[in-house]
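Undergrad: For reference, this is my_file_37.cif, and it has mmCIF, C-alpha atoms (C1' of nucleotides).
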```cif
data_coords
loop_
_atom_site.group_PDB
_atom_site.id
_atom_site.type_symbol
_atom_site.label_atom_id
_atom_site.label_comp_id
_atom_site.auth_asym_id
_atom_site.auth_seq_id
_atom_site.Cartn_x
_atom_site.Cartn_y
_atom_site.Cartn_z
ATOM 1 C CA MET A 1 21.732 -2.893 -65.161
ATOM 2 C CA GLN A 2 24.288 -2.234 -62.542
ATOM 3 C CA LEU A 3 24.024 -3.762 -59.109
ATOM 4 C CA ARG A 4 23.875 -1.392 -56.180
ATOM 5 C CA MET A 5 24.916 -2.577 -52.783
ATOM 6 C CA THR A 6 22.082 -1.009 -50.862
ATOM 7 C CA ASN A 7 21.677 -1.084 -47.109
ATOM 8 C CA GLN A 8 18.996 -3.725 -47.386
ATOM 9 C CA ARG A 9 21.183 -5.911 -49.539
ATOM 10 C CA GLU A 10 24.141 -5.534 -47.241
ATOM 11 C CA ILE A 11 22.226 -6.503 -44.131
ATOM 12 C CA ILE A 12 20.599 -9.501 -45.815
ATOM 13 C CA LEU A 13 23.998 -10.691 -46.981
ATOM 14 C CA ARG A 14 25.627 -10.064 -43.620
ATOM 15 C CA GLU A 15 22.949 -11.877 -41.616
ATOM 16 C CA LEU A 16 22.972 -14.885 -43.917
ATOM 17 C CA ARG A 17 26.730 -15.188 -43.649
ATOM 18 C CA ARG A 18 26.824 -14.487 -39.965
ATOM 19 C CA CYS A 19 24.455 -17.208 -38.848
ATOM 20 C CA LYS A 20 25.832 -19.851 -41.195
ATOM 21 C CA LYS A 21 22.583 -21.649 -41.744
ATOM 22 C CA HIS A 22 20.501 -22.476 -44.759
ATOM 23 C CA LEU A 23 17.711 -20.029 -44.208
ATOM 24 C CA THR A 24 14.391 -19.467 -45.893
ATOM 25 C CA ALA A 25 13.369 -15.994 -47.032
ATOM 26 C CA ASP A 26 10.975 -15.536 -44.155
ATOM 27 C CA GLU A 27 13.441 -16.706 -41.522
ATOM 28 C CA LEU A 28 15.905 -14.191 -42.862
ATOM 29 C CA TYR A 29 13.187 -11.563 -42.962
ATOM 30 C CA ASP A 30 12.634 -11.998 -39.227
ATOM 31 C CA MET A 31 16.333 -11.628 -38.524
ATOM 32 C CA VAL A 32 16.855 -8.628 -40.756
ATOM 33 C CA LYS A 33 13.852 -6.842 -39.284
ATOM 34 C CA LYS A 34 15.748 -6.463 -36.021
ATOM 35 C CA ASP A 35 18.273 -4.195 -37.742
ATOM 36 C CA MET A 36 15.853 -2.644 -40.199
ATOM 37 C CA PRO A 37 12.299 -2.861 -38.927
ATOM 38 C CA ARG A 38 10.632 -1.364 -41.984
ATOM 39 C CA ILE A 39 12.128 -3.704 -44.561
ATOM 40 C CA SER A 40 9.594 -5.515 -46.694
ATOM 41 C CA LEU A 41 9.376 -9.261 -47.187
ATOM 42 C CA ALA A 42 9.253 -8.690 -50.934
ATOM 43 C CA THR A 43 12.576 -6.893 -50.694
ATOM 44 C CA VAL A 44 14.107 -9.890 -48.971
ATOM 45 C CA TYR A 45 12.789 -12.235 -51.641
ATOM 46 C CA ARG A 46 13.888 -9.976 -54.464
ATOM 47 C CA ASN A 47 17.358 -9.458 -53.097
ATOM 48 C CA LEU A 48 17.983 -13.100 -52.297
ATOM 49 C CA GLU A 49 17.155 -13.821 -55.901
ATOM 50 C CA ILE A 50 19.428 -11.054 -57.158
ATOM 51 C CA LEU A 51 22.282 -12.001 -54.857
ATOM 52 C CA SER A 52 22.157 -15.616 -55.917
ATOM 53 C CA GLU A 53 22.049 -14.578 -59.557
ATOM 54 C CA ALA A 54 25.135 -12.466 -58.916
ATOM 55 C CA GLY A 55 26.836 -15.492 -57.392
ATOM 56 C CA LEU A 56 27.184 -13.951 -53.944
ATOM 57 C CA ILE A 57 25.035 -16.593 -52.296
ATOM 58 C CA GLY A 58 23.659 -19.990 -53.257
ATOM 59 C CA LYS A 59 20.056 -21.036 -53.744
ATOM 60 C CA LEU A 60 18.601 -24.414 -52.762
ATOM 61 C CA GLU A 61 15.430 -25.562 -54.415
ATOM 62 C CA ILE A 62 13.563 -28.641 -53.307
ATOM 63 C CA SER A 63 10.078 -28.709 -54.729
ATOM 64 C CA GLY A 64 7.266 -28.830 -52.266
ATOM 65 C CA ARG A 65 9.403 -26.991 -49.743
ATOM 66 C CA GLN A 66 10.553 -23.463 -49.298
ATOM 67 C CA LYS A 67 13.645 -22.287 -51.047
ATOM 68 C CA ARG A 68 16.659 -21.930 -48.818
ATOM 69 C CA PHE A 69 19.646 -19.708 -49.306
ATOM 70 C CA ASP A 70 23.223 -20.652 -48.749
ATOM 71 C CA TYR A 71 26.008 -18.530 -47.281
ATOM 72 C CA GLU A 72 28.524 -20.843 -48.945
ATOM 73 C CA VAL A 73 28.971 -20.282 -52.656
ATOM 74 C CA GLU A 74 31.290 -23.066 -53.734
ATOM 75 C CA VAL A 75 29.638 -26.188 -55.113
ATOM 76 C CA HIS A 76 28.920 -28.732 -52.414
ATOM 77 C CA ASP A 77 26.227 -31.129 -51.325
ATOM 78 C CA HIS A 78 23.603 -31.116 -48.633
ATOM 79 C CA ILE A 79 21.801 -33.285 -46.168
ATOM 80 C CA TYR A 80 18.187 -32.752 -45.401
ATOM 81 C CA CYS A 81 16.222 -33.641 -42.282
ATOM 82 C CA VAL A 82 12.844 -35.100 -43.222
ATOM 83 C CA VAL A 83 11.421 -34.223 -39.824
ATOM 84 C CA CYS A 84 12.287 -30.556 -39.306
ATOM 85 C CA HIS A 85 13.399 -29.756 -42.881
ATOM 86 C CA ARG A 86 16.692 -28.243 -41.857
ATOM 87 C CA VAL A 87 19.550 -28.483 -44.302
ATOM 88 C CA ASP A 88 23.233 -28.952 -43.509
ATOM 89 C CA ASN A 89 26.345 -29.089 -45.589
ATOM 90 C CA LEU A 90 27.755 -32.429 -46.597
ATOM 91 C CA ASN A 91 31.369 -33.099 -47.416
ATOM 92 C CA ILE A 92 31.689 -35.658 -50.138
ATOM 93 C CA GLU A 93 34.489 -36.018 -52.647
ATOM 94 C CA ARG A 94 32.780 -34.697 -55.707
ATOM 95 C CA ASN A 95 35.317 -35.772 -58.297
ATOM 96 C CA GLU A 96 34.556 -39.438 -57.670
ATOM 97 C CA ILE A 97 31.046 -39.000 -58.822
ATOM 98 C CA ASP A 98 31.315 -36.346 -61.511
ATOM 99 C CA ALA A 99 31.237 -37.257 -65.165
ATOM 100 C CA LYS A 100 30.614 -40.950 -64.400
ATOM 101 C CA GLY A 101 27.222 -41.961 -65.594
ATOM 102 C CA LEU A 102 25.984 -38.504 -66.181
ATOM 103 C CA ALA A 103 26.641 -38.595 -69.889
ATOM 104 C CA ALA A 104 24.328 -41.575 -69.823
ATOM 105 C CA ALA A 105 21.479 -39.161 -69.881
ATOM 106 C CA LYS A 106 20.959 -39.449 -73.573
ATOM 107 C CA GLY A 107 20.708 -36.201 -75.385
ATOM 108 C CA TYR A 108 21.002 -33.983 -72.346
ATOM 109 C CA THR A 109 23.722 -31.404 -72.006
ATOM 110 C CA VAL A 110 24.668 -31.924 -68.379
ATOM 111 C CA THR A 111 25.785 -28.837 -66.521
ATOM 112 C CA GLY A 112 26.041 -30.275 -63.036
ATOM 113 C CA TYR A 113 24.271 -32.318 -60.452
ATOM 114 C CA ARG A 114 22.788 -32.068 -57.044
ATOM 115 C CA LEU A 115 23.376 -34.722 -54.417
ATOM 116 C CA GLU A 116 21.231 -34.550 -51.388
ATOM 117 C CA ALA A 117 21.375 -37.015 -48.535
ATOM 118 C CA ILE A 118 18.147 -37.621 -46.680
ATOM 119 C CA GLY A 119 17.836 -38.468 -43.034
ATOM 120 C CA VAL A 120 16.964 -37.376 -39.550
ATOM 121 C CA CYS A 121 19.081 -34.825 -37.738
ATOM 122 C CA LEU A 122 20.439 -35.304 -34.238
ATOM 123 C CA GLU A 123 17.928 -32.959 -32.598
ATOM 124 C CA CYS A 124 14.987 -34.761 -34.165
ATOM 125 C CA GLN A 125 16.376 -38.160 -33.201
ATOM 126 C CA LYS A 126 16.507 -36.983 -29.600
ATOM 127 C CA LYS A 127 12.948 -35.739 -29.758
ATOM 128 C CA GLU A 128 11.823 -39.025 -31.273
ATOM 129 C CA SER A 129 13.457 -41.095 -28.544
ATOM 130 C CA LYS A 130 11.843 -38.891 -25.901
ATOM 131 C CA LYS A 131 8.458 -39.606 -27.425
ATOM 132 C CA GLU A 132 9.234 -43.318 -27.444
ATOM 133 C CA GLY A 133 10.063 -43.123 -23.769
ATOM 134 C CA LEU A 134 6.620 -41.772 -22.943
ATOM 135 C CA LYS A 135 4.772 -44.747 -24.364
ATOM 136 C CA MET B 1 -7.743 -47.263 -42.248
ATOM 137 C CA GLN B 2 -7.957 -49.612 -45.128
ATOM 138 C CA LEU B 3 -7.173 -48.562 -48.681
ATOM 139 C CA ARG B 4 -9.873 -48.930 -51.301
ATOM 140 C CA MET B 5 -8.991 -49.178 -54.963
ATOM 141 C CA THR B 6 -11.614 -46.822 -56.293
ATOM 142 C CA ASN B 7 -12.245 -46.030 -59.944
ATOM 143 C CA GLN B 8 -10.522 -42.685 -59.582
ATOM 144 C CA ARG B 9 -7.467 -44.273 -58.038
ATOM 145 C CA GLU B 10 -7.302 -46.952 -60.691
ATOM 146 C CA ILE B 11 -7.468 -44.505 -63.575
ATOM 147 C CA ILE B 12 -4.870 -42.195 -62.051
ATOM 148 C CA LEU B 13 -2.538 -45.133 -61.555
ATOM 149 C CA ARG B 14 -3.163 -46.511 -65.010
ATOM 150 C CA GLU B 15 -2.599 -43.204 -66.793
ATOM 151 C CA LEU B 16 0.606 -42.499 -64.913
ATOM 152 C CA ARG B 17 1.976 -45.931 -65.760
ATOM 153 C CA ARG B 18 0.764 -45.849 -69.322
ATOM 154 C CA CYS B 19 2.408 -42.622 -70.390
ATOM 155 C CA LYS B 20 5.678 -43.350 -68.598
ATOM 156 C CA LYS B 21 6.487 -39.768 -67.803
ATOM 157 C CA HIS B 22 7.131 -37.834 -64.643
ATOM 158 C CA LEU B 23 3.891 -35.938 -64.467
ATOM 159 C CA THR B 24 2.642 -33.149 -62.257
ATOM 160 C CA ALA B 25 -0.738 -33.391 -60.568
ATOM 161 C CA ASP B 26 -2.369 -31.012 -63.007
ATOM 162 C CA GLU B 27 -0.953 -32.711 -66.088
ATOM 163 C CA LEU B 28 -2.352 -35.972 -64.808
ATOM 164 C CA TYR B 29 -5.634 -34.247 -63.991
ATOM 165 C CA ASP B 30 -5.988 -33.219 -67.641
ATOM 166 C CA MET B 31 -5.340 -36.762 -68.822
ATOM 167 C CA VAL B 32 -7.648 -38.416 -66.338
ATOM 168 C CA LYS B 33 -10.465 -36.009 -67.135
ATOM 169 C CA LYS B 34 -10.753 -37.585 -70.572
ATOM 170 C CA ASP B 35 -11.857 -40.863 -68.996
ATOM 171 C CA MET B 36 -13.642 -39.332 -66.018
ATOM 172 C CA PRO B 37 -14.724 -35.782 -66.761
ATOM 173 C CA ARG B 38 -16.170 -35.019 -63.336
ATOM 174 C CA ILE B 39 -13.091 -35.920 -61.322
ATOM 175 C CA SER B 40 -11.834 -33.182 -59.056
ATOM 176 C CA LEU B 41 -8.296 -31.823 -59.015
ATOM 177 C CA ALA B 42 -8.247 -32.282 -55.258
ATOM 178 C CA THR B 43 -8.972 -35.973 -55.760
ATOM 179 C CA VAL B 44 -5.971 -36.264 -58.038
ATOM 180 C CA TYR B 45 -3.729 -34.545 -55.511
ATOM 181 C CA ARG B 46 -5.059 -36.590 -52.611
ATOM 182 C CA ASN B 47 -4.720 -39.889 -54.404
ATOM 183 C CA LEU B 48 -1.237 -39.215 -55.708
ATOM 184 C CA GLU B 49 -0.222 -38.599 -52.127
ATOM 185 C CA ILE B 50 -1.961 -41.743 -50.899
ATOM 186 C CA LEU B 51 -0.594 -43.907 -53.698
ATOM 187 C CA SER B 52 2.935 -42.736 -53.075
ATOM 188 C CA GLU B 53 2.518 -43.341 -49.368
ATOM 189 C CA ALA B 54 1.363 -46.853 -50.185
ATOM 190 C CA GLY B 55 4.459 -47.357 -52.300
ATOM 191 C CA LEU B 56 2.560 -47.818 -55.558
ATOM 192 C CA ILE B 57 4.120 -44.793 -57.181
ATOM 193 C CA GLY B 58 7.075 -42.529 -56.447
ATOM 194 C CA LYS B 59 7.043 -38.881 -55.539
ATOM 195 C CA LEU B 60 9.719 -36.507 -56.805
ATOM 196 C CA GLU B 61 10.506 -33.488 -54.741
ATOM 197 C CA ILE B 62 13.344 -32.215 -56.837
ATOM 198 C CA SER B 63 14.094 -28.687 -57.783
ATOM 199 C CA GLY B 64 11.661 -26.729 -59.813
ATOM 200 C CA ARG B 65 8.187 -25.736 -59.020
ATOM 201 C CA GLN B 66 5.716 -28.562 -58.991
ATOM 202 C CA LYS B 67 5.981 -31.987 -57.492
ATOM 203 C CA ARG B 68 6.135 -34.773 -60.015
ATOM 204 C CA PHE B 69 5.025 -38.357 -59.688
ATOM 205 C CA ASP B 70 6.852 -41.394 -60.893
ATOM 206 C CA TYR B 71 5.467 -44.556 -62.497
ATOM 207 C CA GLU B 72 8.668 -46.368 -61.517
ATOM 208 C CA VAL B 73 8.881 -47.355 -57.861
ATOM 209 C CA GLU B 74 12.396 -48.723 -57.507
ATOM 210 C CA VAL B 75 15.022 -46.300 -56.294
ATOM 211 C CA HIS B 76 16.766 -44.511 -59.140
ATOM 212 C CA ASP B 77 18.018 -41.079 -60.059
ATOM 213 C CA HIS B 78 16.798 -38.346 -62.328
ATOM 214 C CA ILE B 79 17.906 -35.683 -64.714
ATOM 215 C CA TYR B 80 16.166 -32.369 -64.876
ATOM 216 C CA CYS B 81 15.899 -29.892 -67.751
ATOM 217 C CA VAL B 82 16.337 -26.348 -66.495
ATOM 218 C CA VAL B 83 14.573 -24.950 -69.539
ATOM 219 C CA CYS B 84 11.329 -26.926 -69.786
ATOM 220 C CA HIS B 85 11.438 -28.599 -66.340
ATOM 221 C CA ARG B 86 10.920 -32.084 -67.671
ATOM 222 C CA VAL B 87 12.421 -34.943 -65.725
ATOM 223 C CA ASP B 88 13.887 -38.157 -67.083
ATOM 224 C CA ASN B 89 15.297 -41.250 -65.499
ATOM 225 C CA LEU B 90 19.022 -41.578 -65.083
ATOM 226 C CA ASN B 91 20.891 -44.850 -64.892
ATOM 227 C CA ILE B 92 23.811 -44.599 -62.536
ATOM 228 C CA GLU B 93 25.413 -47.346 -60.550
ATOM 229 C CA ARG B 94 24.074 -46.518 -57.161
ATOM 230 C CA ASN B 95 26.231 -48.834 -55.102
ATOM 231 C CA GLU B 96 29.366 -46.892 -56.008
ATOM 232 C CA ILE B 97 28.056 -43.836 -54.310
ATOM 233 C CA ASP B 98 26.064 -45.275 -51.421
ATOM 234 C CA ALA B 99 27.494 -45.308 -47.957
ATOM 235 C CA LYS B 100 30.651 -43.464 -49.002
ATOM 236 C CA GLY B 101 30.727 -40.055 -47.474
ATOM 237 C CA LEU B 102 27.181 -40.082 -46.303
ATOM 238 C CA ALA B 103 28.059 -41.064 -42.775
ATOM 239 C CA ALA B 104 30.108 -37.896 -42.819
ATOM 240 C CA ALA B 105 26.951 -36.043 -42.048
ATOM 241 C CA LYS B 106 27.617 -35.830 -38.382
ATOM 242 C CA GLY B 107 24.762 -36.868 -36.201
ATOM 243 C CA TYR B 108 22.331 -37.587 -38.974
ATOM 244 C CA THR B 109 20.702 -40.952 -39.442
ATOM 245 C CA VAL B 110 20.934 -41.272 -43.199
ATOM 246 C CA THR B 111 18.118 -43.151 -44.889
ATOM 247 C CA GLY B 112 19.021 -42.489 -48.507
ATOM 248 C CA TYR B 113 19.983 -39.860 -50.960
ATOM 249 C CA ARG B 114 18.740 -38.090 -53.995
ATOM 250 C CA LEU B 115 20.985 -37.534 -56.986
ATOM 251 C CA GLU B 116 19.745 -35.192 -59.609
ATOM 252 C CA ALA B 117 21.640 -34.288 -62.726
ATOM 253 C CA ILE B 118 20.913 -30.876 -64.148
ATOM 254 C CA GLY B 119 21.042 -29.924 -67.782
ATOM 255 C CA VAL B 120 19.204 -29.101 -70.949
ATOM 256 C CA CYS B 121 17.196 -31.737 -72.770
ATOM 257 C CA LEU B 122 17.551 -32.488 -76.470
ATOM 258 C CA GLU B 123 14.328 -30.730 -77.457
ATOM 259 C CA CYS B 124 15.333 -27.537 -75.679
ATOM 260 C CA GLN B 125 18.800 -27.614 -77.196
ATOM 261 C CA LYS B 126 17.225 -27.741 -80.637
ATOM 262 C CA LYS B 127 14.942 -24.822 -79.831
ATOM 263 C CA GLU B 128 17.914 -22.842 -78.531
ATOM 264 C CA SER B 129 19.943 -23.396 -81.685
ATOM 265 C CA LYS B 130 16.979 -22.331 -83.795
ATOM 266 C CA LYS B 131 16.785 -19.087 -81.871
ATOM 267 C CA GLU B 132 20.517 -18.561 -82.384
ATOM 268 C CA GLY B 133 20.016 -19.003 -86.086
ATOM 269 C CA LEU B 134 17.512 -16.183 -86.203
ATOM 270 C CA LYS B 135 19.861 -13.575 -84.863
ATOM 271 C "C1'" DT C 1 20.867 20.127 -59.871
ATOM 272 C "C1'" DT C 2 18.549 18.085 -63.300
ATOM 273 C "C1'" DA C 3 17.684 13.880 -65.630
ATOM 274 C "C1'" DC C 4 17.791 9.071 -65.458
ATOM 275 C "C1'" DA C 5 18.051 4.461 -63.552
ATOM 276 C "C1'" DT C 6 17.543 1.484 -59.705
ATOM 277 C "C1'" DT C 7 15.467 0.171 -55.615
ATOM 278 C "C1'" DT C 8 12.191 0.330 -52.101
ATOM 279 C "C1'" DA C 9 7.779 -0.556 -49.036
ATOM 280 C "C1'" DG C 10 3.572 -2.245 -48.971
ATOM 281 C "C1'" DG C 11 -0.124 -4.277 -50.719
ATOM 282 C "C1'" DA C 12 -2.321 -7.110 -54.476
ATOM 283 C "C1'" DT C 13 -1.891 -11.133 -57.082
ATOM 284 C "C1'" DT C 14 -0.672 -15.706 -58.584
ATOM 285 C "C1'" DA C 15 0.351 -20.648 -58.417
ATOM 286 C "C1'" DA C 16 0.475 -24.899 -56.163
ATOM 287 C "C1'" DT C 17 -1.333 -27.426 -52.765
ATOM 288 C "C1'" DT C 18 -4.182 -28.672 -48.852
ATOM 289 C "C1'" DA C 19 -8.351 -28.434 -45.922
ATOM 290 C "C1'" DC C 20 -13.206 -28.575 -45.388
ATOM 291 C "C1'" DT C 21 -17.947 -30.258 -46.029
ATOM 292 C "C1'" DA C 22 -21.932 -32.430 -47.360
ATOM 293 C "C1'" DA C 23 -23.036 -36.142 -50.338
ATOM 294 C "C1'" DT C 24 -21.989 -40.784 -52.052
ATOM 295 C "C1'" DA C 25 -20.210 -45.394 -52.106
ATOM 296 C "C1'" DA C 26 -18.125 -49.495 -50.258
ATOM 297 C "C1'" DT C 27 -17.711 -52.830 -46.263
ATOM 298 C "C1'" DT C 28 -18.988 -55.190 -42.155
ATOM 299 C "C1'" DG C 29 -21.767 -57.499 -38.637
ATOM 300 C "C1'" DG C 30 -25.938 -59.253 -37.786
ATOM 301 C "C1'" DC D 1 -30.373 -58.248 -47.270
ATOM 302 C "C1'" DC D 2 -30.142 -54.179 -44.165
ATOM 303 C "C1'" DA D 3 -28.412 -50.850 -41.002
ATOM 304 C "C1'" DA D 4 -24.205 -48.863 -39.198
ATOM 305 C "C1'" DT D 5 -19.734 -47.674 -39.949
ATOM 306 C "C1'" DT D 6 -15.912 -46.206 -42.660
ATOM 307 C "C1'" DA D 7 -13.688 -44.416 -46.693
ATOM 308 C "C1'" DT D 8 -13.935 -41.531 -50.543
ATOM 309 C "C1'" DT D 9 -15.592 -38.061 -53.506
ATOM 310 C "C1'" DA D 10 -16.681 -33.363 -55.887
ATOM 311 C "C1'" DG D 11 -16.527 -28.818 -55.348
ATOM 312 C "C1'" DT D 12 -14.981 -25.011 -53.191
ATOM 313 C "C1'" DA D 13 -12.558 -22.309 -49.672
ATOM 314 C "C1'" DA D 14 -8.319 -21.523 -47.483
ATOM 315 C "C1'" DT D 15 -3.417 -21.599 -47.082
ATOM 316 C "C1'" DT D 16 1.351 -21.035 -48.347
ATOM 317 C "C1'" DA D 17 5.195 -19.476 -50.787
ATOM 318 C "C1'" DA D 18 6.564 -16.450 -53.986
ATOM 319 C "C1'" DT D 19 6.095 -12.846 -57.361
ATOM 320 C "C1'" DC D 20 4.166 -8.628 -59.354
ATOM 321 C "C1'" DC D 21 2.777 -3.800 -59.261
ATOM 322 C "C1'" DT D 22 2.975 1.135 -58.222
ATOM 323 C "C1'" DA D 23 4.168 5.377 -56.515
ATOM 324 C "C1'" DA D 24 7.731 7.179 -53.718
ATOM 325 C "C1'" DA D 25 12.535 7.335 -52.566
ATOM 326 C "C1'" DT D 26 17.204 6.994 -53.438
ATOM 327 C "C1'" DG D 27 21.482 6.805 -55.807
ATOM 328 C "C1'" DT D 28 24.370 8.110 -60.053
ATOM 329 C "C1'" DA D 29 26.119 10.742 -63.641
ATOM 330 C "C1'" DA D 30 26.488 14.604 -66.599
#
```
Output the file's structure in the form of structure tokens.

TA:
Amino acid sequence: MQLRMTNQREIILRELRRCKKHLTADELYDMVKKDMPRISLATVYRNLEILSEAGLIGKLEISGRQKRFDYEVEVHDHIYCVVCHRVDNLNIERNEIDAKGLAAAKGYTVTGYRLEAIGVCLECQKKESKKEGLK
Amino acid sequence: MQLRMTNQREIILRELRRCKKHLTADELYDMVKKDMPRISLATVYRNLEILSEAGLIGKLEISGRQKRFDYEVEVHDHIYCVVCHRVDNLNIERNEIDAKGLAAAKGYTVTGYRLEAIGVCLECQKKESKKEGLK
DNA sequence: TTACATTTAGGATTAATTACTAATAATTGG
DNA sequence: CCAATTATTAGTAATTAATCCTAAATGTAA
């Protein structure tokens, strides 16, 4: 099966790269609709899956939440806001962690790892402190 | 609102601790039904949420489809099988990683992190090699 | 330009989880 | 102990995110 770079695919890819955020399928759907009003949500889902399979974009899966897609393909880590669920990139020296204890996982063939910091983003901190002020 | 330790809650907690696995709500539902056939799936979901809020169990929102719940409360990491989706504990020295680059996440208040190794478990490796043999 | 493969829109379907509701059970104050 | 209050339950409906399905459309290749 050969991959065709259709209009739909191109726009999805372009929008994701252009806005440099970790978007969900439906967020991207809303953006893409502006350029291509008749595109279907299923097409967005399908193509995000295909593009990530092809290694053109990255996919972020955190269970219980929506998948997010990543404009940046190289391996890197993320930080996640527990309040608004946004995801940002995180720059950590990966080689310090690698290998280390991973082999410890008895029996497993380890292919990689995912490191995800958890916290509250700046915007949400501001909102929180506003709320505090009202008390 | 005060927390009552009901029969349902007790059995859910006991089963999760007894089998020492990272179970999904519906797996646990099947186990608990043996002791309490009329329990409702919604009760299992609700109580897992409540128990994890109360700090009596852990909740795993790692990649994959379903949430899993953890008999072990102390902070630790996990390894995830991409084939069968099982999750096992992982023993890594946490203090070596901590703090490090996490502050790098500009603006975020970091409360912790999640480290998740990814690989293929022993059972699935065996199954794979069997399949290979058949070719 | 005909045959074949891939992709699409749009709606239907599924899977996991949460919300709702009336009934039940525990807890508290008297 | 009894009424009033509060928490919890079973069972089901609703919601959410994602995937599947189908006929039509589009691209590719001979």

Undergrad: Kindly resolve the PyMOL selection byres ((chain A) within 10 of (chain D)) on the present coordinates and return the residues as a ChimeraX atom specification.

TA: /A:4,6,25-26,42,45-46,64-67

Undergrad: Put those residues in a file: C-alpha atoms, as a compact mmCIF listing (two decimals), in the coordinates of the input.

TA:
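The file below, part33.txt, is the result:
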```
# COMPACT_ATOMS: atom_id res chain seq x y z
CA ARG A 4 23.88 -1.39 -56.18
CA THR A 6 22.08 -1.01 -50.86
CA ALA A 25 13.37 -15.99 -47.03
CA ASP A 26 10.98 -15.54 -44.16
CA ALA A 42 9.25 -8.69 -50.93
CA TYR A 45 12.79 -12.24 -51.64
CA ARG A 46 13.89 -9.98 -54.46
CA GLY A 64 7.27 -28.83 -52.27
CA ARG A 65 9.40 -26.99 -49.74
CA GLN A 66 10.55 -23.46 -49.30
CA LYS A 67 13.64 -22.29 -51.05
```

Undergrad: For Cys19 in chain A, list every protein, DNA or RNA residue within 10 Å, evaluated using all atoms listed in the file, and leave out those in the same chain fewer than 6 positions away; present the list as a short mmCIF file (atom, residue, chain, number, x, y, z; two decimals) with C-alpha atoms, in the frame of the given file.

TA:
```cif
data_model
loop_
_atom_site.label_atom_id
_atom_site.label_comp_id
_atom_site.auth_asym_id
_atom_site.auth_seq_id
_atom_site.Cartn_x
_atom_site.Cartn_y
_atom_site.Cartn_z
CA LEU A 28 15.90 -14.19 -42.86
CA MET A 31 16.33 -11.63 -38.52
CA TYR A 71 26.01 -18.53 -47.28
#
```

Undergrad: Report, as AutoDock Vina command-line options, the axis-aligned box around all atoms of range 4-23 of chain A present in the file, extended by 4 Å on each side; give centre and edge lengths in Å to one decimal place.

TA:
```
--center_x 22.3 --center_y -11.7 --center_z -47.5 --size_x 17.1 --size_y 29.5 --size_z 25.3
```

Undergrad: Considering only C-alpha atoms (C1' of nucleotides), extract the chain C residues located within 9 Å of chain B and return them as an NGL selection string.

TA: :C and (16-18 or 26)

Undergrad: The PyMOL selection byres ((chain B) within 6 of (chain A)) on the file shown: which residues, as a list of chain:residue names?

TA: B:Glu61, B:Ile62, B:Ser63, B:Gly64, B:Arg65, B:Lys67, B:Leu90, B:Ile92, B:Gly101, B:Ala105, B:Gly107, B:Tyr108, B:Thr109, B:Val110, B:Thr111, B:Gly112, B:Tyr113, B:Arg114, B:Leu115, B:Glu116, B:Ala117, B:Ile118, B:Gly119, B:Val120, B:Cys121, B:Leu122

Undergrad: Give me, please, the distance in Å between C1' of DA25 in chain C and CA of Gln8 in chain B, quoted to one decimal.

TA: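 Interatomic distance, C1' of DA25 in chain C to CA of Gln8 in chain B: 12.5 Å.
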
Undergrad: Could you please determine the separation between CA of Thr43 in chain A and CA of Arg18 in chain A in Å, to one decimal place?

TA: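 These atoms are spaced 19.4 Å apart.
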
Undergrad: Would you pick out the contacts of Gly58 in chain B at 10 Å or less, using only C-alpha atoms (C1' of nucleotides), so that residues sharing its chain but fewer than 2 positions from it are not included, and give the list as number ranges by chain?

TA: B: 22, 48-49, 51-56, 60-61, 68-75

Undergrad: How many Å lie between CA of Asn47 in chain A and CA of Glu128 in chain B, rounded to one decimal?

TA: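 Interatomic distance, CA of Asn47 in chain A to CA of Glu128 in chain B: 28.7 Å.
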
Undergrad: Any chance you could resolve the PyMOL selection byres ((chain C and resi 3-14) around 6) against this file and give the residues as a PyMOL selection string?

TA: (chain A and resi 40) or (chain C and resi 2+15)
